[in-house]
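One structure is given below, encoded as structure tokens.
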Protein chains: 2
Amino acid sequence: MSEVTAMARKPTILDVARAAGVSKGLVSFALNDRPGVAAGTRQRILDAADELGYRRSIAARSLSTRTSFALGLVVARNPDVIAADPFFPGFISGVEQVLAQRGRALVLSFVPDDEAEAETYRTLAADQRVDGVFLTDLRTDDFRPALLEQLGLPAVSLGRVDGGGPMAAVTLDDTPGITDAVRHLAGLGHRRIAHVAGPARMLHALHRRDAFLAASAEQGLPGTLVVETDFSAADGAAATAALLDLDDRPTAIVYANDPMAIAGLGVAHRRGLDLPTDLSITGFDDSDIADYIYPALTSVRTRPGQWGEAAAATLLQLVDHGAAPDLDLPPAGLVVRNSTAPPRS
Amino acid sequence: MSEVTAMARKPTILDVARAAGVSKGLVSFALNDRPGVAAGTRQRILDAADELGYRRSIAARSLSTRTSFALGLVVARNPDVIAADPFFPGFISGVEQVLAQRGRALVLSFVPDDEAEAETYRTLAADQRVDGVFLTDLRTDDFRPALLEQLGLPAVSLGRVDGGGPMAAVTLDDTPGITDAVRHLAGLGHRRIAHVAGPARMLHALHRRDAFLAASAEQGLPGTLVVETDFSAADGAAATAALLDLDDRPTAIVYANDPMAIAGLGVAHRRGLDLPTDLSITGFDDSDIADYIYPALTSVRTRPGQWGEAAAATLLQLVDHGAAPDLDLPPAGLVVRNSTAPPRS
DNA sequence: CTGAAAGCGCTTACAG
DNA sequence: CTGAAAGCGCTTACAG
């Protein structure tokens, strides 16, 4: 009977202290790698903890240190758009890989709009659910940096915040990928190249558009064919239809993400165009499926997993040490497949 | 100076007790809707709490109640496969919608394999990170139900566990969707219909395969053309190629998910087949992109968001009240588009 | 280098 | 119906 009770109860710091013949305080010091514990004593404590299968209670540590040992990610997007976007699963996997070995958990939140997003950050901060957050999908006039600052929530952003505040950032330049795409198409002989861009309120969509514009100028192309979308397949299809309706329609289209490029392929096929001869297409993200559609999609390969690892390491450093240097990741590169070819004569 | 200090500190239960002129204990009772607090006193306490902008500390509540006020989801899949699968974003959105209004958080974990998965559950339980978990992607000989039972972690499974243990379940029958697909194809005149199945170790893949077999039998079709895959686009493409290499190749293929169906379309196109005339194709999931590829994909529509809401509500009930009834969701239905047509002559 | 004690902010028997 | 106090399991000055 008492044996059962003894087995059911998980060991506390007091059990370790008794087993090692020291005080709770000293156990705490040893476990936290604090200086000022004799080497022998430290070892004895560690052994005792090991022997007992002791794990420090996160709830108790949270209460006394005001730390949750968790990091947060809140994503404000339409579920359909998230589902079509290969970024988040890869990013989260990367984050996990780092957090798991550091004993941290990831608290995830998908919210439908800006308002719910702000509310979520407030709740996360008020409840001290997380020690810091990842800031993704940076926007123009983004209200979040100021909000997080006000809430005192450490954050690392993916990409650099607009105003250039003090927020730690992990960056990855999309420009070379888009530039390569335009050069590649121009090199094939295309002169009328269009861009199906993401929403102007999203910074990375803007960067891709700007890169497209700059590369077009560099190649002496007009670069006036830019259509804005919300990143959805539906918008990508509509934008493609609009471009193909033009009297002087483009011979190539650079899309700001893969789902739209795939939808664009569909529109072109429906119109009986012969791809890639009648229309060259490039995507962005290099989704898993890109290699298997017809024609296989030329796309810009980003590395969401690397972003995740880097962002997690940076945020952890920020949370643990109060500061972290910015990190710049190797830029995205173009993967050439069969959806791009010289224009028809 | 002291004002600043006063402002920075967030109110505790003691502040509320003082403001209301009662003891901490009584505040706790009032906040937890316990009986035995005079109506007037309760109101006074609630008002005081409101006035002060008081929120109970989750860390403190966690420590004294051994409750984390969080639920867990651990997903063991290759990031690429997750990325291609529209299920999780929708599911998570649904879960969130319920958790947010109940003050619960979602702890998410993506792990690479079974071993990491088991370790994650152990850690989640040992650290009391979550009060319960969602069990997705049920497998044959699934080690998780027994592990969770042993760890004392309440769980609700998506679909019914193999052995039929005591675990709460939210179910959604895939059978009608597949049956409809086969009937639809048979009705169009197809006699050689193949199935590109998911991995046999995954229960929902098995269910879809069994449904395919049963529907084939019902329609008097051989139903022998079944190829197993890992659900990836790569495997879907390979399976399609193998089927099309057959002397007596199928005129229609029922895929167990959309990414494979899309990859299959690509393979068929590459071989110069005229779709859907030369080959009819159906998917499963009804991804956002299904409507925009060419030809638009006939697919089975599941409702991941509904699953998420139902599963979250069920798990919360289980965690809060110790028991929850099983729930059966409306079955998936076929959405007919243009990737299916009568076979050539 | 080590111990004893207070404190983190709640909840919960126990009295009255 | 209400209060006083112990307890959840840690961390952290403070002494020595």
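Chain lettering (A, B, ...) mirrors the order of the structure tokens, residue numbering begins at 1 for each chain separately, and ligand numbering begins at 1 in order of display.
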Check: Which residues, written as an MDAnalysis selection string, have at least one atom at most 7 Å from Arg208 (chain B), with only C-alpha atoms (C1' of nucleotides) counted and residues fewer than 2 positions away on the same chain left out?
Finding: chainID B and resid 174:175 178 204:206 210:212 256
Note to self: For a quick test of understanding: name the residues of chain A lying within 9 Å of chain D when counting only C-alpha atoms (C1' of nucleotides), and present them as a VMD selection string.
What the structure shows: chain A and resid 12 to 14 25 28 to 29 56 to 65
Just the strand (DSSP E) stuff from region 126-243 of chain A, please, per backbone DSSP, written as a PDB file with C-alpha atoms, in the first residue's frame.
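New file out-v1.pdb:
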ATOM      1  CA  GLY A 132       9.350  35.009 -26.561  1.00  0.00           C
ATOM      2  CA  VAL A 133       7.761  34.812 -29.976  1.00  0.00           C
ATOM      3  CA  PHE A 134       8.625  34.359 -33.626  1.00  0.00           C
ATOM      4  CA  LEU A 135       7.385  37.123 -35.856  1.00  0.00           C
ATOM      5  CA  ALA A 155      10.809  38.501 -30.384  1.00  0.00           C
ATOM      6  CA  VAL A 156      12.840  37.590 -33.395  1.00  0.00           C
ATOM      7  CA  SER A 157      11.495  38.499 -36.781  1.00  0.00           C
ATOM      8  CA  LEU A 158      11.879  36.614 -40.022  1.00  0.00           C
ATOM      9  CA  ALA A 168      16.381  40.780 -33.502  1.00  0.00           C
ATOM     10  CA  ALA A 169      16.075  39.399 -37.007  1.00  0.00           C
ATOM     11  CA  VAL A 170      16.922  36.341 -39.012  1.00  0.00           C
ATOM     12  CA  THR A 171      17.017  37.273 -42.638  1.00  0.00           C
ATOM     13  CA  LEU A 172      17.119  35.440 -45.927  1.00  0.00           C
ATOM     14  CA  ILE A 193       7.824  39.002 -68.478  1.00  0.00           C
ATOM     15  CA  ALA A 194       5.033  39.488 -65.943  1.00  0.00           C
ATOM     16  CA  HIS A 195       5.006  39.147 -62.188  1.00  0.00           C
ATOM     17  CA  VAL A 196       2.140  37.776 -60.147  1.00  0.00           C
ATOM     18  CA  ALA A 197       2.897  39.321 -56.778  1.00  0.00           C
ATOM     19  CA  VAL A 226       2.695  43.279 -62.199  1.00  0.00           C
ATOM     20  CA  VAL A 227      -0.538  41.936 -60.733  1.00  0.00           C
ATOM     21  CA  GLU A 228      -1.194  41.886 -57.015  1.00  0.00           C
TER      22      GLU A 228
END
With 7 Å as the cut-off and only C-alpha atoms counted, what is the closest atom pair between each nearby residue of chain B and chain A? Distances in Å to one decimal, ordered by chain and number, as CSV.
residue,atom,partner,partner_atom,distance
B:Ser57,CA,A:Asp127,CA,6.2
B:Ile58,CA,A:Asp127,CA,6.0
B:Ala59,CA,A:Leu63,CA,5.1
B:Ala60,CA,A:Leu63,CA,5.8
B:Ser62,CA,A:Ala59,CA,5.8
B:Leu63,CA,A:Ala59,CA,5.1
B:Pro79,CA,A:Gly90,CA,5.6
B:Asp80,CA,A:Asp288,CA,6.1
B:Ile82,CA,A:Pro89,CA,6.4
B:Ala83,CA,A:Pro86,CA,4.7
B:Ala84,CA,A:Pro86,CA,6.8
B:Pro86,CA,A:Ala83,CA,4.7
B:Pro89,CA,A:Ala83,CA,5.4
B:Gly90,CA,A:Pro79,CA,5.6
B:Ser93,CA,A:Phe110,CA,5.5
B:Glu96,CA,A:Phe110,CA,6.5
B:Ala105,CA,A:Val107,CA,6.7
B:Leu106,CA,A:Val107,CA,5.6
B:Val107,CA,A:Val107,CA,4.6
B:Leu108,CA,A:Leu106,CA,5.8
B:Ser109,CA,A:Glu96,CA,6.5
B:Phe110,CA,A:Ser93,CA,5.5
B:Asp127,CA,A:Ile58,CA,6.0
B:Ala233,CA,A:Ile289,CA,6.0
B:Ala237,CA,A:Tyr292,CA,7.0
B:Pro259,CA,A:Ile289,CA,6.8
B:Ile262,CA,A:Ile293,CA,6.6
B:Ala263,CA,A:Tyr292,CA,4.9
B:Gly266,CA,A:Ile293,CA,4.4
B:His269,CA,A:Tyr294,CA,6.4
B:Arg270,CA,A:Tyr294,CA,6.6
B:Asp288,CA,A:Asp80,CA,6.2
B:Ile289,CA,A:Ala233,CA,5.9
B:Tyr292,CA,A:Ala263,CA,4.9
B:Ile293,CA,A:Gly266,CA,4.4
B:Tyr294,CA,A:Gly266,CA,4.5
How about saving the chosen residues, C-alpha atoms kept, as a PDB file, in the first residue's frame?
ATOM      1  CA  SER B  57      -1.408  33.392 -12.889  1.00  0.00           C
ATOM      2  CA  ILE B  58      -1.271  30.219 -14.922  1.00  0.00           C
ATOM      3  CA  ALA B  59       2.063  29.276 -13.403  1.00  0.00           C
ATOM      4  CA  ALA B  60       0.663  29.463  -9.877  1.00  0.00           C
ATOM      5  CA  SER B  62      -0.422  24.986 -12.572  1.00  0.00           C
ATOM      6  CA  LEU B  63       1.678  24.402  -9.516  1.00  0.00           C
ATOM      7  CA  PRO B  79       8.024  17.780 -43.191  1.00  0.00           C
ATOM      8  CA  ASP B  80       7.609  17.515 -46.963  1.00  0.00           C
ATOM      9  CA  ILE B  82       3.113  17.438 -43.917  1.00  0.00           C
ATOM     10  CA  ALA B  83       3.654  20.466 -46.118  1.00  0.00           C
ATOM     11  CA  ALA B  84       1.798  18.860 -48.989  1.00  0.00           C
ATOM     12  CA  PRO B  86      -3.802  20.311 -46.245  1.00  0.00           C
ATOM     13  CA  PRO B  89      -3.450  23.580 -40.973  1.00  0.00           C
ATOM     14  CA  GLY B  90      -7.202  23.160 -41.166  1.00  0.00           C
ATOM     15  CA  SER B  93      -7.264  26.159 -37.000  1.00  0.00           C
ATOM     16  CA  GLU B  96      -7.477  26.836 -31.944  1.00  0.00           C
ATOM     17  CA  ALA B 105      -2.966  26.830 -25.386  1.00  0.00           C
ATOM     18  CA  LEU B 106      -1.853  24.343 -28.002  1.00  0.00           C
ATOM     19  CA  VAL B 107       1.611  22.855 -27.695  1.00  0.00           C
ATOM     20  CA  LEU B 108       2.765  21.549 -31.048  1.00  0.00           C
ATOM     21  CA  SER B 109       5.540  19.151 -31.844  1.00  0.00           C
ATOM     22  CA  PHE B 110       6.748  17.906 -35.214  1.00  0.00           C
ATOM     23  CA  ASP B 127       6.979  17.934 -17.468  1.00  0.00           C
ATOM     24  CA  ALA B 233       4.211  13.115 -54.417  1.00  0.00           C
ATOM     25  CA  ALA B 237       4.347   9.626 -59.398  1.00  0.00           C
ATOM     26  CA  PRO B 259      -0.607  15.512 -53.791  1.00  0.00           C
ATOM     27  CA  ILE B 262      -1.564  15.872 -58.802  1.00  0.00           C
ATOM     28  CA  ALA B 263       1.743  14.095 -59.292  1.00  0.00           C
ATOM     29  CA  GLY B 266       1.884  15.174 -64.180  1.00  0.00           C
ATOM     30  CA  HIS B 269       0.692  14.494 -69.102  1.00  0.00           C
ATOM     31  CA  ARG B 270       4.336  13.697 -69.575  1.00  0.00           C
ATOM     32  CA  ASP B 288      -7.352  24.430 -52.271  1.00  0.00           C
ATOM     33  CA  ILE B 289      -5.353  23.896 -55.444  1.00  0.00           C
ATOM     34  CA  TYR B 292      -7.153  25.175 -60.309  1.00  0.00           C
ATOM     35  CA  ILE B 293      -4.956  22.510 -61.788  1.00  0.00           C
ATOM     36  CA  TYR B 294      -5.707  21.110 -65.222  1.00  0.00           C
TER      37      TYR B 294
END
Notebook entry, point to check: Of the candidates B:Gly177, B:Arg344, B:Leu52, B:Leu213, which one gets nearest to Arg301 (chain B) if we count only C-alpha atoms?
Noted result: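 Using only C-alpha atoms, Arg301 (chain B) sits closest to B:Gly177.
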Item checked: Residue contacts of Asp258 (chain B) (7 Å, only C-alpha atoms (C1' of nucleotides)) excluding same-chain residues fewer than 6 positions away, as a PyMOL selection string -> chain B and resi 283-287
Notebook entry, point to check: Would you give me, as an MDAnalysis selection string, the residues in region 28-98 of chain B that DSSP reads as helix (DSSP H, G or I)?
Noted result: chainID B and resid 28:31 39:52 58:65 79:84 87:98
Requested write-out: N, CA and C atoms of the selected residues, as a short mmCIF file (atom, residue, chain, number, x, y, z; two decimals), in the first residue's frame:
data_model
loop_
_atom_site.label_atom_id
_atom_site.label_comp_id
_atom_site.auth_asym_id
_atom_site.auth_seq_id
_atom_site.Cartn_x
_atom_site.Cartn_y
_atom_site.Cartn_z
N SER B 28 -10.50 33.13 -4.54
CA SER B 28 -10.29 31.93 -5.34
C SER B 28 -11.60 31.20 -5.58
N PHE B 29 -12.38 31.05 -4.51
CA PHE B 29 -13.67 30.36 -4.63
C PHE B 29 -14.59 31.08 -5.61
N ALA B 30 -14.63 32.39 -5.50
CA ALA B 30 -15.51 33.18 -6.36
C ALA B 30 -15.08 33.03 -7.83
N LEU B 31 -13.77 33.13 -8.04
CA LEU B 31 -13.23 33.06 -9.41
C LEU B 31 -13.44 31.69 -10.02
N ALA B 39 -23.84 35.76 -2.75
CA ALA B 39 -24.00 36.40 -4.06
C ALA B 39 -23.40 37.80 -4.08
N GLY B 40 -23.70 38.59 -3.02
CA GLY B 40 -23.19 39.95 -2.98
C GLY B 40 -21.68 39.98 -2.91
N THR B 41 -21.13 39.12 -2.07
CA THR B 41 -19.68 39.05 -1.92
C THR B 41 -19.03 38.65 -3.25
N ARG B 42 -19.60 37.64 -3.87
CA ARG B 42 -19.08 37.18 -5.16
C ARG B 42 -19.01 38.34 -6.16
N GLN B 43 -20.09 39.10 -6.22
CA GLN B 43 -20.14 40.20 -7.16
C GLN B 43 -19.07 41.24 -6.83
N ARG B 44 -18.92 41.50 -5.57
CA ARG B 44 -17.93 42.48 -5.12
C ARG B 44 -16.53 42.03 -5.54
N ILE B 45 -16.28 40.75 -5.38
CA ILE B 45 -14.97 40.20 -5.74
C ILE B 45 -14.74 40.28 -7.25
N LEU B 46 -15.75 39.87 -7.99
CA LEU B 46 -15.64 39.90 -9.44
C LEU B 46 -15.40 41.32 -9.94
N ASP B 47 -16.12 42.27 -9.34
CA ASP B 47 -15.96 43.66 -9.73
C ASP B 47 -14.55 44.15 -9.43
N ALA B 48 -14.07 43.79 -8.25
CA ALA B 48 -12.72 44.22 -7.85
C ALA B 48 -11.68 43.66 -8.82
N ALA B 49 -11.85 42.39 -9.15
CA ALA B 49 -10.92 41.73 -10.06
C ALA B 49 -10.93 42.45 -11.41
N ASP B 50 -12.12 42.76 -11.86
CA ASP B 50 -12.30 43.42 -13.13
C ASP B 50 -11.62 44.79 -13.12
N GLU B 51 -11.92 45.50 -12.07
CA GLU B 51 -11.39 46.85 -11.87
C GLU B 51 -9.87 46.87 -11.96
N LEU B 52 -9.27 45.89 -11.32
CA LEU B 52 -7.81 45.83 -11.25
C LEU B 52 -7.20 45.21 -12.52
N ILE B 58 -1.21 31.62 -14.49
CA ILE B 58 -1.27 30.22 -14.92
C ILE B 58 -0.19 29.40 -14.22
N ALA B 59 0.97 30.00 -14.05
CA ALA B 59 2.06 29.28 -13.40
C ALA B 59 1.66 28.85 -11.99
N ALA B 60 1.06 29.78 -11.25
CA ALA B 60 0.66 29.46 -9.88
C ALA B 60 -0.45 28.42 -9.86
N ARG B 61 -1.41 28.59 -10.74
CA ARG B 61 -2.49 27.60 -10.79
C ARG B 61 -1.94 26.24 -11.20
N SER B 62 -1.01 26.25 -12.13
CA SER B 62 -0.42 24.99 -12.57
C SER B 62 0.22 24.26 -11.40
N LEU B 63 0.96 25.02 -10.62
CA LEU B 63 1.68 24.40 -9.52
C LEU B 63 0.73 23.80 -8.49
N SER B 64 -0.31 24.53 -8.16
CA SER B 64 -1.18 24.00 -7.11
C SER B 64 -2.21 22.99 -7.63
N THR B 65 -2.54 23.05 -8.89
CA THR B 65 -3.56 22.11 -9.39
C THR B 65 -2.98 20.99 -10.26
N PRO B 79 8.50 16.42 -42.95
CA PRO B 79 8.02 17.78 -43.19
C PRO B 79 7.46 17.98 -44.60
N ASP B 80 8.09 17.36 -45.59
CA ASP B 80 7.61 17.52 -46.96
C ASP B 80 6.19 16.98 -47.12
N VAL B 81 5.96 15.84 -46.48
CA VAL B 81 4.63 15.23 -46.59
C VAL B 81 3.61 16.07 -45.82
N ILE B 82 4.01 16.57 -44.67
CA ILE B 82 3.11 17.44 -43.92
C ILE B 82 2.78 18.67 -44.74
N ALA B 83 3.83 19.24 -45.36
CA ALA B 83 3.65 20.47 -46.12
C ALA B 83 2.66 20.28 -47.26
N ALA B 84 2.67 19.10 -47.84
CA ALA B 84 1.80 18.86 -48.99
C ALA B 84 0.38 18.52 -48.55
N PHE B 87 -4.36 18.80 -44.43
CA PHE B 87 -5.10 18.43 -43.23
C PHE B 87 -4.72 19.24 -41.99
N PHE B 88 -3.45 19.28 -41.68
CA PHE B 88 -3.05 19.86 -40.40
C PHE B 88 -3.36 21.34 -40.21
N PRO B 89 -3.10 22.18 -41.19
CA PRO B 89 -3.45 23.58 -40.97
C PRO B 89 -4.94 23.76 -40.66
N GLY B 90 -5.77 23.06 -41.41
CA GLY B 90 -7.20 23.16 -41.17
C GLY B 90 -7.57 22.61 -39.80
N PHE B 91 -7.00 21.48 -39.50
CA PHE B 91 -7.27 20.85 -38.20
C PHE B 91 -6.85 21.76 -37.05
N ILE B 92 -5.66 22.28 -37.15
CA ILE B 92 -5.15 23.14 -36.09
C ILE B 92 -5.98 24.41 -35.95
N SER B 93 -6.40 24.98 -37.07
CA SER B 93 -7.26 26.16 -37.00
C SER B 93 -8.53 25.85 -36.22
N GLY B 94 -9.11 24.70 -36.51
CA GLY B 94 -10.32 24.30 -35.80
C GLY B 94 -10.07 24.13 -34.31
N VAL B 95 -8.97 23.48 -34.00
CA VAL B 95 -8.61 23.27 -32.59
C VAL B 95 -8.48 24.63 -31.89
N GLU B 96 -7.73 25.51 -32.51
CA GLU B 96 -7.48 26.84 -31.94
C GLU B 96 -8.75 27.58 -31.61
N GLN B 97 -9.67 27.51 -32.55
CA GLN B 97 -10.91 28.25 -32.38
C GLN B 97 -11.59 27.89 -31.07
N VAL B 98 -11.51 26.61 -30.71
CA VAL B 98 -12.13 26.16 -29.46
C VAL B 98 -11.24 26.50 -28.26
#
